[in-house]
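This report refers to the structure that appears directly beneath it.
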Amino acid sequence: MAKKITGPQLILANRLDDGRAVFLTASGTWSNTAADSAVAENEAELDTLMTVAQAADLANLVVSVTPVAADTSGDAIAPAHIKFAMQARGPSVRADLGYQVSPNWEQ
Amino acid sequence: MYAYDTYDHAMVNARVAEFRDQVDRRMKGELTEEEFRPLRLMNGLYLQLHAYMLRVAIPYGTLSADQMRKLAHVARRYDKGYGHFTTRQNIQYNWPKLSETPDILQELADVEMHAIQTSGNCIRNVTTDQFAGAAADEVADPRPYAELIRQWSTFHPEFSFLPRKFKIAITGAAQDRAAVKWHDIGLVLKKNETGEIGFEVLAGGGMGRTPVIAKSMRDFLPVPDMLSYLEAMLRVYNEQGRRDNKYKARIKILIDAMGIEEYTRQVNAEWEKIRHVPIDVPEKEVARIKAFFAPPPLAVSADDVAEVTELANANFIFKAWLNNNAGAHKVPGHAHVTISLKPHGGIPGDASDAQMDLVADLADAYSQGEIRVSHEQNLILPHVAKKDLPALWAKLDEAGLGTANAGLLTDIIACPGLDYCALANTRSIPIAQSITERFDDLKRLMDIGPLKIKISGCINSCGHHHAGHIGILGVDRRGDENYQLLLGGSGAEDASKAAILGPGFNEVGIVDAVEKVVAVYLGEREDEESFLNAYRRLGPDVFKEAVYGTD
Ligand code: HEM
Ligand code: SF4
C-alpha cells in the first residue's frame, strides 16, 4: 500500500560504512548532494523510489532509508524540515565540516 | 587510579574481538541492521544525523594523562580532530567509521577504556563529584565505591535488560556537585554519630519528560552493605518497573506509583533475604580497591604564595581565574583547577586533539598525572601546587583553555542538539554561543555571580535544563526551532525543578529573554544574594513581567 503524501518527497538514508547522509537519485544511485535527489510527486512515484532504496538497504549500502518532504521552491531541491535540512548541510556550528564545504567534504 | 587486573583485560579484549566479528558480519550482510543495531548499541555506537557516534565511558570521570593522550589520538586518527565531553562524564566522538570502530575500541582497551554500558537498558557509567579525592569539604573519596559498583554492575546478568536505562551517582561531600538527586539512585557519603562512614540512599530521581527529584529512603546505610542493598533496590525495580511504555519505565514512575514508603518496605524485605549471601565484597578486597585511590604524595605547604598574590594583583584575568577556576584542596598549599571548555563563542564541552594532548602534558607536569571530567562539561586538574598556578594558567591561556568563567553565567551546559543528534527538535550549541557572546565581559559576569544555564535540544533533557537556574528547552513549533525558558532549577543539594516561564522564543528572542531575566535579578537582589536565591524569594511574576510585558 502506498503511503499517503501531501507534497513532493525525496529519499534520505545513511551510508552503511560511515553513516554519511545520502540522497537517492533518479538513476537509482546515492548522491552526496541533496540537489541531486529524485523527487516523487505522488504515491506511485514514491513507491517506485522506495523499492529502489530498500534494495540498496538489502545490499548493505545504506541504512535508515527515510522518505521526507522536499522543498522544490528554490534553485536546488532540499529537504523541507529543519531536521533533514541539517542532515543535508552538516553541523551548523562547524563551518569546516559538512556539505557547505563541498559535496565530498568527508574525505 | 584503578588498574585493570588480568580478568578485566581479558574481558574487555574479548568484547572487542566479539564486536570486530559482528561488524565484519554486518558489512558482509550476514547481519541485518535490525539484528546489528542492539549489538552496536551495547558497544556505545549510535547512528546520528551525519555519521555514527561513539560514546566512550570515563568511569566516574577519572582519567590518567596516558588515557587522555589516547583520547586525543583517537580524535586525530579516526575522527575529525575533536571530541565532546558530556554531562555524564563521558566523551563522544561524532565521526567514527563503522568499519574502524573495532580498531578504536582496541586502542582504548590498551589503556583500560571501553564503551560498554554507555547505552541500553543497563546500569550506566556511575558518575561522581569531579573533585573527588581532592575537595577540602569531602567526608570520604567516593571513587572506591563507584569502582565497586562498576565491577558489580558490569555484565550483571540479572540487570543487563532492565525496564529502562539506570543511572547511579555518588558524592562524598555535603555540597553536591554530582546532581545525585537527579539520578535513579543517589548515594551521599556521610558520617554517623559514632564516626562510622555510610550512605544516605536516595531513589527515583530523573529528568526526561517527567522530571522528578529523588527521595530519601534510608538515612544511613553502612558502607559494607552497599552492594547487597543496591541489588535489592534493582531487583524490586526490575521485577515491577513497567515494560509496556518506555516513557513510564524509569524507576521514578514506579516509585511515584507505589510511594517511596512501599518501595522502601519491599527493598528492605528483599534485602533481609539476600544480605547474608556473599554479594558484598570482603574487607580485604575493599582495601585493595581503596589502595588504588590512595591520596597522592602531596607535600603540605603554605596556602599563601607570594608569586600568586603578586600576579593576581597585577593581572585581573588571572585573579578572576584564581577566584573562579581554582578551589580549596584537602592538602594545604594545593588547589583543584577547573579547565573551562566554555570559551566565549565556542562549543560547550568540545576539545580538540591538541588541547587534549596539552591537558595530558599539564596533568603530568602539575597534577600527578590525573585528570577529571565534570558533569558540567569541563576538565579538572585535581592536585595542583599553588606555586604552580601562574605557570599553569599561562600555558592554558595560550591554548584557549584559560577562560576564567567556571560557575559563572557563560559556563553553560549544552547538549549536542540538532547539530548532531537524531532525536533533537532544535539546535542547542548556537544558543550557548549567542549567550556567551552577549555576556562577553568578565567583570559583568563576576558581578552577576554564580548562575547556571543549561540547554537541551529536546525533552530527553541531556542538557539538564530542568536543573538549570535558567533552563532552555528546544521544541518543534510547526517545523520551526522554538525555545522555552525555565527558571529556578537546581542540580545541587538544594535540588529543585525549573518551571516554564511562558511562551517560547526564536533563537534571537531567547537570548534577549535571558538578558532581561538577568537584569531583573541585578535590579532586585539584596546584598550578596545569588540568582537562585533571589528567584526563590521573588517568584516568577517579576521575571514574567520583564520578559513578556504586562498585558
Ligand atoms: C547524541 C546522542 C544522544 C542520544 C540518542 C540520547 C538519548 C537520550 C534519551 C532518549 C534520554 C531520555 C531517557 C529517558 O527519559 O528515559 C536521554 C537522557 C539523558 N541523556 Fe542523552 N542522548 C544523547 C546524548 C547525550 C549527551 C551528549 C549527553 C551529555 C551531554 C547525554 C546525557 C543525558 C542525560 C544526563 C540524560 C537525563 C537522564 C535522566 O532522564 O535522568 N545524552 N538521552
Ligand atoms: S536532549 Fe535531546 S537533542 Fe539533546 S542530546 Fe539529548 S536527545 Fe539529543
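Chains: A, B, ... in order of the C-alpha cells. Residues: from 1 per chain. Ligands: from 1, in order shown.
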
### Within 9 Å of ligand 1, counting only C-alpha atoms and all ligand atoms, residues as JSON, numbers by chain
{"B": [46, 47, 48, 53, 55, 84, 85, 86, 87, 88, 89, 90, 91, 92, 94, 119, 164, 165, 166, 167, 182, 183, 184, 205, 206, 207, 208, 209, 210, 211, 212, 246, 247, 248, 249, 250, 349, 375, 376, 377, 413, 414, 415, 416, 417, 420, 421, 422, 423, 424, 456, 459, 460, 461, 462, 463, 464]}

### Message
as a ChimeraX atom specification, please: every residue in range 162-230 of chain B that DSSP puts in strand (DSSP E).
### Response
/B:168-171,185-191,197-203,215-222

### Query
With distances taken over only C-alpha atoms and all ligand atoms, which of B:Asp225, B:Asp441, B:Asp476, B:Asp353 is nearest to ligand 2?
B:Asp476

### Query
Looking at only C-alpha atoms, which of B:Gly457, B:Gly186, B:Pro144, B:Gly259 is the one that sits closest to chain A?
B:Gly457

### Query
Where does DSSP see helix (DSSP H, G or I) in chain A, if you list the residues as JSON, numbers by chain?
{"A": [34, 35, 36, 43, 44, 45, 46, 47, 48, 49, 50, 51, 52, 53, 54, 55, 56, 57, 58, 82, 83, 84, 85, 86, 87, 88, 89]}

Residues as selected, N, CA, C and O atoms, written as a compact mmCIF listing (two decimals), in the first residue's frame, can you do that?
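This went into again13.txt:
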# COMPACT_ATOMS: atom_id res chain seq x y z
N ALA A 34 21.99 16.90 -1.79
CA ALA A 34 20.53 16.88 -1.77
C ALA A 34 19.96 17.34 -3.11
O ALA A 34 18.91 16.85 -3.57
N ALA A 35 20.65 18.26 -3.78
CA ALA A 35 20.16 18.80 -5.05
C ALA A 35 20.01 17.74 -6.13
O ALA A 35 19.24 17.90 -7.08
N ASP A 36 20.74 16.63 -5.99
CA ASP A 36 20.65 15.54 -6.99
C ASP A 36 19.45 14.62 -6.75
O ASP A 36 19.25 13.65 -7.49
N GLU A 43 2.03 9.20 -4.79
CA GLU A 43 2.28 7.97 -4.04
C GLU A 43 2.91 6.88 -4.89
O GLU A 43 3.79 6.16 -4.44
N ALA A 44 2.48 6.78 -6.14
CA ALA A 44 3.02 5.73 -7.02
C ALA A 44 4.51 5.97 -7.26
O ALA A 44 5.33 5.04 -7.21
N GLU A 45 4.88 7.23 -7.49
CA GLU A 45 6.30 7.55 -7.71
C GLU A 45 7.12 7.27 -6.45
O GLU A 45 8.25 6.78 -6.52
N LEU A 46 6.53 7.57 -5.29
CA LEU A 46 7.24 7.31 -4.04
C LEU A 46 7.47 5.82 -3.86
O LEU A 46 8.56 5.39 -3.46
N ASP A 47 6.44 5.03 -4.19
CA ASP A 47 6.56 3.57 -4.11
C ASP A 47 7.74 3.08 -4.94
O ASP A 47 8.52 2.24 -4.50
N THR A 48 7.84 3.59 -6.16
CA THR A 48 8.92 3.17 -7.06
C THR A 48 10.28 3.51 -6.45
O THR A 48 11.19 2.67 -6.40
N LEU A 49 10.41 4.75 -5.95
CA LEU A 49 11.69 5.15 -5.34
C LEU A 49 12.01 4.31 -4.11
O LEU A 49 13.15 3.89 -3.91
N MET A 50 11.00 4.05 -3.30
CA MET A 50 11.24 3.28 -2.07
C MET A 50 11.68 1.85 -2.39
O MET A 50 12.48 1.27 -1.66
N THR A 51 11.15 1.30 -3.46
CA THR A 51 11.56 -0.05 -3.86
C THR A 51 13.05 -0.08 -4.20
O THR A 51 13.80 -0.96 -3.75
N VAL A 52 13.49 0.94 -4.93
CA VAL A 52 14.92 1.04 -5.28
C VAL A 52 15.75 1.24 -4.01
O VAL A 52 16.78 0.59 -3.80
N ALA A 53 15.27 2.13 -3.13
CA ALA A 53 16.03 2.46 -1.91
C ALA A 53 16.15 1.24 -1.00
O ALA A 53 17.21 0.96 -0.45
N GLN A 54 15.06 0.50 -0.89
CA GLN A 54 15.10 -0.64 0.01
C GLN A 54 16.00 -1.76 -0.53
O GLN A 54 16.61 -2.49 0.25
N ALA A 55 16.12 -1.82 -1.83
CA ALA A 55 17.05 -2.79 -2.42
C ALA A 55 18.49 -2.44 -2.01
O ALA A 55 19.31 -3.32 -1.73
N ALA A 56 18.78 -1.14 -1.96
CA ALA A 56 20.12 -0.70 -1.55
C ALA A 56 20.35 -1.02 -0.07
O ALA A 56 21.46 -1.38 0.33
N ASP A 57 19.28 -0.92 0.71
CA ASP A 57 19.38 -1.29 2.13
C ASP A 57 19.74 -2.78 2.22
O ASP A 57 20.67 -3.17 2.92
N LEU A 58 19.01 -3.59 1.46
CA LEU A 58 19.26 -5.03 1.49
C LEU A 58 20.65 -5.39 0.96
O LEU A 58 21.23 -6.40 1.34
N ILE A 82 13.51 21.25 8.99
CA ILE A 82 14.81 21.68 9.51
C ILE A 82 15.73 20.51 9.85
O ILE A 82 16.93 20.54 9.58
N LYS A 83 15.15 19.45 10.43
CA LYS A 83 15.98 18.32 10.86
C LYS A 83 16.69 17.68 9.67
O LYS A 83 17.90 17.42 9.72
N PHE A 84 15.94 17.46 8.59
CA PHE A 84 16.55 16.79 7.44
C PHE A 84 17.40 17.78 6.64
O PHE A 84 18.39 17.39 6.02
N ALA A 85 17.01 19.05 6.70
CA ALA A 85 17.84 20.07 6.05
C ALA A 85 19.22 20.13 6.73
O ALA A 85 20.25 20.28 6.07
N MET A 86 19.24 19.98 8.06
CA MET A 86 20.51 19.94 8.79
C MET A 86 21.34 18.75 8.34
O MET A 86 22.56 18.85 8.21
N GLN A 87 20.67 17.63 8.10
CA GLN A 87 21.40 16.44 7.64
C GLN A 87 22.06 16.69 6.30
O GLN A 87 23.12 16.18 6.00
N ALA A 88 21.38 17.49 5.49
CA ALA A 88 21.92 17.78 4.16
C ALA A 88 23.09 18.75 4.22
O ALA A 88 23.91 18.78 3.32
N ARG A 89 23.18 19.53 5.29
CA ARG A 89 24.21 20.58 5.35
C ARG A 89 25.40 20.24 6.23
O ARG A 89 26.49 20.75 6.04

### Message
I need the chain B residues near chain A as a list in words; criterion: at most 7 Å, counting only C-alpha atoms.
### Response
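Listed by rising number, the hits are Met27, Gly29, Leu47, Leu49, His50, Ala51, Tyr52, Lys97, Leu98, Ser99, Leu418, Asp419, Tyr420, Pro430 and Gly479 of chain B.
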